[in-house]
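In what follows, a structure is listed as structure tokens, so that the remarks can point back to it.
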Amino acid sequence: MKMKNLFVASTALSIAALPVLADPQAEVLHWWTSGSEAKSVAVLQEEFAERGGTWTDMPVAGGGGDAAMTALRARVLSGNAPTAVQLKGPAIQEWYEEGVLADISDVAEQQGWADVLPDQLAEHMKCDGHWCAAPVNVHRVNWIWANKAILDQNGVEMPTTWEEFNAASDKLQEAGITPLAHGGQSWQDATLFEAVVLGHGAEFYQSALIDLDPEALDSETMVEVFDEMRTLRGYVDDNFSGRDWNLATAMVMNGEAAFQIMGDWAKGEFLAAGKVPGEDFLCGATPGDGYLYNVDSFAMFDVGGDEDKVAGQNLLAELIVGPSFQETFNLNKGSIPVRSDVSLDDFDMCAHISAEDMAKDAASGSLLPSYAHGMALRGEPAGAITDVVTAHFNSDMSSQDAVQMLTEAVANAM
Ligand code: GAL
């Protein structure tokens with residue numbers, strides 16, 4: 001009897017002490033609009049709704065997120081920032097310096113993020129020592145995807161050096177096959193370029209595209225990089241200009257081209273179409289040692305104390321790094337979980353290669369941030385490099401001229 005009374009008393013006390021419950025709301029800006037991307041982000045929408053959240057979707061089409069970032073700038077300038085934004089790499093810290101990002105350290109600490117996220121990747125999520133973004137995944141950028149039947153029919157192996165890549169492509173081209181599916185958008189050109197830079201050594205990549213060392217930029221090695229870019233240009237079909245990345249992936253899938261050099265969001269498209277790695281398509285790291293990572297993340301924008309939106313931000317942050325979302329989302333997206341404690345049992349062979357290489361490259365110092373996907377550099381130098389890469393790819397500019405232009409453009413952007 002005494003016990004019962006006590007129980008009633010404490011229940012009454014805790015109900016009285018409960019704050020008025022907020023109604024989690026979030027307007028979410030992202031650029032996940034291809035088939036597999038939309039399927040992936042739907043996982044977050046569903047989990048958010050199951051927990052009582054109201055999601056307002058703000059998708060901005062355009063691979064790589066350039067258009068989304070333009071839309072974001074317009075929204076922030078008009079004083080009406082979205083609640084949560086797909087944002088990554090140094091752009092997170094750039095927005096933080098503008099004073100518009102929310103601190104999500106409370107959620108991060110409650111959920112023990114520091115214990116489950118690799119240190120190198122967690123650093124990208126911090127602003128002045130506190131948590132300001134929630135990481136979703138690890139995409140590897142430097143992959144070659146191939147149509148297995150085309151390679152088999154033409155006696156071509158998956159290339160492991162750029163020489164082999166060129167020899168295989170020459171052979172395929174002679175057989176009337178487009179060797180390289182590519183979309184002529186500047187971020188896709190940059191994706192090829194950084195893979196070729198990495199192919200000249202992880203140290204060279206570090207000096208040229210992370211440290212922006214003028215000696216690496218203005219080097220014979222960089223001339224060789226642009227030579228290879230010119231060679232790759234020769235393997236692309238005539239209609240490549242402006243093509244979306246997922247349409248290039250579809251060319252490989254449908255046997256209209258042999259290879260695509262693209263991050264493993266391309267694998268998301270193969271999987272969504274029911275294709276099986278090792279049977280229908282092949283994955284292999286681009287030539288050279290190293291792993292270029294691209295960690296998608298969401299930052300929360302300051303909502304001026306609006307309780308429903310703050311509740312939406314906290315719920316989103318919790319779900320994004322939560323183990324169930326990390327598994328389901330990444331199975332659809334082509335990436336691997338950023339949490340180190342999620343089982344990869346249900347993941348495919350390419351995801352296993354990704355996880356093994358990531359561990360190996362982390363140990364040898366060649367786990368490197370992707371410049372093309374906004375992980376390595378701030379906006380200005382990254383944009384300056386991409387402008388040169390695209391200008392070279394779309395003209396008959398010599399490699400020497402490209403190197404000179406690159407060196408000057410980077411110097412001006414620093
Ligand atoms: C990347 C992004 C990936 C993928 C890709 C194509 O920048 O990190 O998640 O969506 O763009 O849009």
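Following the order of the structure tokens, first chain is A, next is B, and so on, with residues numbered from 1 inside each chain and ligands from 1 in the order they appear.
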What residues in segment 11-190 of chain A get the DSSP label helix (DSSP H, G or I)? Please answer as JSON, numbers by chain. {"A": [11, 12, 13, 14, 15, 16, 17, 35, 36, 37, 38, 39, 40, 41, 42, 43, 44, 45, 46, 47, 48, 49, 50, 63, 64, 65, 66, 67, 68, 69, 70, 71, 72, 73, 74, 75, 76, 77, 90, 91, 92, 93, 94, 95, 96, 97, 105, 106, 107, 108, 109, 110, 113, 114, 115, 116, 119, 120, 121, 122, 123, 124, 125, 148, 149, 150, 151, 152, 153, 162, 163, 164, 165, 166, 167, 168, 169, 170, 171, 172, 173, 174, 186, 187, 188, 189, 190]}
So that I have them on file, write out the residues from the current selection with C-alpha atoms, as a JSON list (two decimals), in the first residue's frame.
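Final output, saved to again03.json:
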[["chain", "number", "residue", "atom", "x", "y", "z"],
["A", 11, "THR", "CA", 4.28, 9.71, -11.33],
["A", 12, "ALA", "CA", 2.28, 12.82, -10.61],
["A", 13, "LEU", "CA", 5.46, 14.72, -9.92],
["A", 14, "SER", "CA", 7.16, 13.68, -13.15],
["A", 15, "ILE", "CA", 4.12, 14.53, -15.27],
["A", 16, "ALA", "CA", 3.90, 17.96, -13.70],
["A", 17, "ALA", "CA", 7.62, 18.49, -14.35],
["A", 35, "GLY", "CA", 16.23, 7.27, -58.16],
["A", 36, "SER", "CA", 18.54, 5.77, -55.54],
["A", 37, "GLU", "CA", 19.11, 9.09, -53.79],
["A", 38, "ALA", "CA", 15.38, 9.73, -53.42],
["A", 39, "LYS", "CA", 14.91, 6.19, -52.10],
["A", 40, "SER", "CA", 17.68, 6.82, -49.57],
["A", 41, "VAL", "CA", 16.41, 10.13, -48.25],
["A", 42, "ALA", "CA", 12.91, 8.64, -47.97],
["A", 43, "VAL", "CA", 14.30, 6.43, -45.19],
["A", 44, "LEU", "CA", 15.00, 9.55, -43.12],
["A", 45, "GLN", "CA", 11.62, 11.06, -43.93],
["A", 46, "GLU", "CA", 9.90, 7.87, -42.75],
["A", 47, "GLU", "CA", 11.84, 7.61, -39.50],
["A", 48, "PHE", "CA", 11.19, 11.31, -38.84],
["A", 49, "ALA", "CA", 7.45, 10.87, -39.40],
["A", 50, "GLU", "CA", 7.35, 7.75, -37.21],
["A", 63, "GLY", "CA", 24.37, 16.26, -58.81],
["A", 64, "GLY", "CA", 27.22, 17.35, -56.58],
["A", 65, "GLY", "CA", 25.03, 20.00, -54.97],
["A", 66, "ASP", "CA", 26.12, 23.18, -56.79],
["A", 67, "ALA", "CA", 22.52, 24.24, -57.45],
["A", 68, "ALA", "CA", 21.52, 23.36, -53.88],
["A", 69, "MET", "CA", 24.26, 25.59, -52.50],
["A", 70, "THR", "CA", 23.10, 28.49, -54.69],
["A", 71, "ALA", "CA", 19.56, 27.98, -53.38],
["A", 72, "LEU", "CA", 20.87, 27.91, -49.82],
["A", 73, "ARG", "CA", 22.70, 31.22, -50.22],
["A", 74, "ALA", "CA", 19.53, 32.87, -51.54],
["A", 75, "ARG", "CA", 17.48, 31.55, -48.61],
["A", 76, "VAL", "CA", 19.99, 32.66, -45.97],
["A", 77, "LEU", "CA", 20.37, 36.10, -47.57],
["A", 90, "PRO", "CA", 34.81, 23.10, -45.01],
["A", 91, "ALA", "CA", 31.53, 24.67, -46.18],
["A", 92, "ILE", "CA", 30.23, 23.72, -42.73],
["A", 93, "GLN", "CA", 32.86, 25.86, -41.05],
["A", 94, "GLU", "CA", 32.37, 28.65, -43.62],
["A", 95, "TRP", "CA", 28.66, 28.85, -42.72],
["A", 96, "TYR", "CA", 29.50, 28.63, -39.03],
["A", 97, "GLU", "CA", 31.74, 31.67, -39.41],
["A", 105, "SER", "CA", 26.50, 19.21, -29.16],
["A", 106, "ASP", "CA", 23.73, 18.24, -26.72],
["A", 107, "VAL", "CA", 22.44, 15.56, -29.08],
["A", 108, "ALA", "CA", 25.95, 14.46, -30.02],
["A", 109, "GLU", "CA", 26.90, 14.02, -26.38],
["A", 110, "GLN", "CA", 23.68, 12.27, -25.38],
["A", 113, "TRP", "CA", 28.88, 10.26, -31.25],
["A", 114, "ALA", "CA", 32.51, 10.61, -30.20],
["A", 115, "ASP", "CA", 32.60, 6.89, -29.36],
["A", 116, "VAL", "CA", 31.26, 5.64, -32.68],
["A", 119, "ASP", "CA", 38.19, 10.85, -35.36],
["A", 120, "GLN", "CA", 39.34, 12.06, -38.79],
["A", 121, "LEU", "CA", 35.75, 12.15, -40.05],
["A", 122, "ALA", "CA", 34.28, 13.54, -36.82],
["A", 123, "GLU", "CA", 36.61, 16.55, -37.11],
["A", 124, "HIS", "CA", 34.69, 17.70, -40.21],
["A", 125, "MET", "CA", 31.54, 17.92, -38.04],
["A", 148, "LYS", "CA", 30.98, -6.88, -66.87],
["A", 149, "ALA", "CA", 29.53, -8.35, -70.07],
["A", 150, "ILE", "CA", 31.29, -5.73, -72.21],
["A", 151, "LEU", "CA", 34.63, -6.44, -70.55],
["A", 152, "ASP", "CA", 34.17, -10.22, -70.87],
["A", 153, "GLN", "CA", 33.10, -10.06, -74.52],
["A", 162, "TRP", "CA", 46.15, 4.28, -65.96],
["A", 163, "GLU", "CA", 48.17, 2.61, -68.76],
["A", 164, "GLU", "CA", 45.89, -0.41, -68.49],
["A", 165, "PHE", "CA", 42.85, 1.85, -68.43],
["A", 166, "ASN", "CA", 44.01, 3.56, -71.62],
["A", 167, "ALA", "CA", 44.89, 0.27, -73.32],
["A", 168, "ALA", "CA", 41.50, -1.24, -72.42],
["A", 169, "SER", "CA", 39.72, 1.89, -73.63],
["A", 170, "ASP", "CA", 41.63, 1.92, -76.93],
["A", 171, "LYS", "CA", 40.64, -1.69, -77.51],
["A", 172, "LEU", "CA", 36.98, -1.05, -76.68],
["A", 173, "GLN", "CA", 36.90, 2.04, -78.85],
["A", 174, "GLU", "CA", 38.26, 0.06, -81.80],
["A", 186, "SER", "CA", 32.18, 20.77, -63.96],
["A", 187, "TRP", "CA", 31.89, 18.68, -60.76],
["A", 188, "GLN", "CA", 32.06, 15.50, -62.83],
["A", 189, "ASP", "CA", 35.17, 16.76, -64.65],
["A", 190, "ALA", "CA", 36.64, 17.50, -61.21]]
Running DSSP on the backbone, which parts of segment 125-329 of chain A land in strand (DSSP E or B), as a ChimeraX atom specification? /A:126-127,130-131,134-135,137-140,143-147,178-180,184,236,241,257-261,277,281-285,291-294,297-301
Around ligand 1, at most 10 Å away and counting only C-alpha atoms and all ligand atoms, which residues are there? Put them as a VMD selection string, please. chain A and resid 30 to 34 36 to 38 40 61 to 66 86 to 88 136 to 141 187 to 188 191 244 to 246 262 to 266 268 293 to 297 333 to 335 370 372 to 375
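When only C-alpha atoms are used to measure the gap to Asn147 of chain A, the shortest distance among A:Asp361, A:Glu318, A:Asp289, A:Asp280 belongs to A:Asp280.
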Which residues, written as a PyMOL selection string, have at least one atom at most 10 Å from segment 192-199 of chain A, with only C-alpha atoms counted and residues fewer than 2 positions away on the same chain left out? chain A and resi 141-144+161-162+182+187-190+201-206+208-209+221-222+224-226+228-229+232+260-262+285-292+366+368+370-373+385-386+389-390+393
Which residues come within 8 Å of Asp302 of chain A, counting only C-alpha atoms, excluding same-chain residues fewer than 5 positions away, as a list in words? Ala81, Thr83, Val100, Leu101 and Ala102 of chain A
Only N, CA, C and O atoms, please: the residues just picked out, written as an mmCIF file, in the first residue's frame.
data_model
loop_
_atom_site.group_PDB
_atom_site.id
_atom_site.type_symbol
_atom_site.label_atom_id
_atom_site.label_comp_id
_atom_site.auth_asym_id
_atom_site.auth_seq_id
_atom_site.Cartn_x
_atom_site.Cartn_y
_atom_site.Cartn_z
ATOM 1 N N ALA A 81 16.410 30.880 -43.635
ATOM 2 C CA ALA A 81 17.194 29.658 -43.862
ATOM 3 C C ALA A 81 16.341 28.421 -43.616
ATOM 4 O O ALA A 81 15.480 28.424 -42.737
ATOM 5 N N THR A 83 15.579 24.630 -42.144
ATOM 6 C CA THR A 83 15.900 24.119 -40.808
ATOM 7 C C THR A 83 17.163 23.254 -40.826
ATOM 8 O O THR A 83 18.005 23.342 -39.939
ATOM 9 N N VAL A 100 25.468 31.458 -38.569
ATOM 10 C CA VAL A 100 24.092 31.007 -38.835
ATOM 11 C C VAL A 100 23.830 29.536 -38.495
ATOM 12 O O VAL A 100 22.731 29.036 -38.728
ATOM 13 N N LEU A 101 24.826 28.846 -37.948
ATOM 14 C CA LEU A 101 24.619 27.416 -37.652
ATOM 15 C C LEU A 101 24.287 27.180 -36.188
ATOM 16 O O LEU A 101 24.791 27.870 -35.305
ATOM 17 N N ALA A 102 23.446 26.167 -35.956
ATOM 18 C CA ALA A 102 23.083 25.790 -34.586
ATOM 19 C C ALA A 102 24.115 24.815 -34.022
ATOM 20 O O ALA A 102 24.727 24.048 -34.768
#
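Using only C-alpha atoms, the smallest distance between any of A:Leu406, A:Leu271, A:Val303, A:Ala26 and Gly99 of chain A comes from A:Val303.
Using only C-alpha atoms, the nearest neighbour of Ala299 of chain A within the list A:Trp131, A:Phe270, A:Phe281, A:Phe347 is A:Trp131.
Using only C-alpha atoms, the smallest distance between any of A:Arg233, A:Lys360, A:Glu380, A:Gly274 and His392 of chain A comes from A:Arg233.
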For Ala384 of chain A, the closest of A:Met58, A:Ala413, A:Leu180, A:Ala258 counting only C-alpha atoms is A:Ala413
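Nearest residue to Leu247 of chain A among A:Glu269, A:Asp227, A:Glu98, A:Glu215 is A:Glu269, counting only C-alpha atoms.
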Residues near Ser340 of chain A, anyone? I mean within 7 Å using only C-alpha atoms, not counting same-chain ones fewer than 2 positions away, as a ChimeraX atom specification. /A:116-117,338,342
Just to confirm, what's the straight-line distance from atom CA of Asn154 of chain A to atom CA of Glu279 of chain A in Å (one decimal)? 16.0 Å
Atom pair atom CA of Met414 of chain A / atom CA of Gly89 of chain A: separation (Å): 17.6 Å
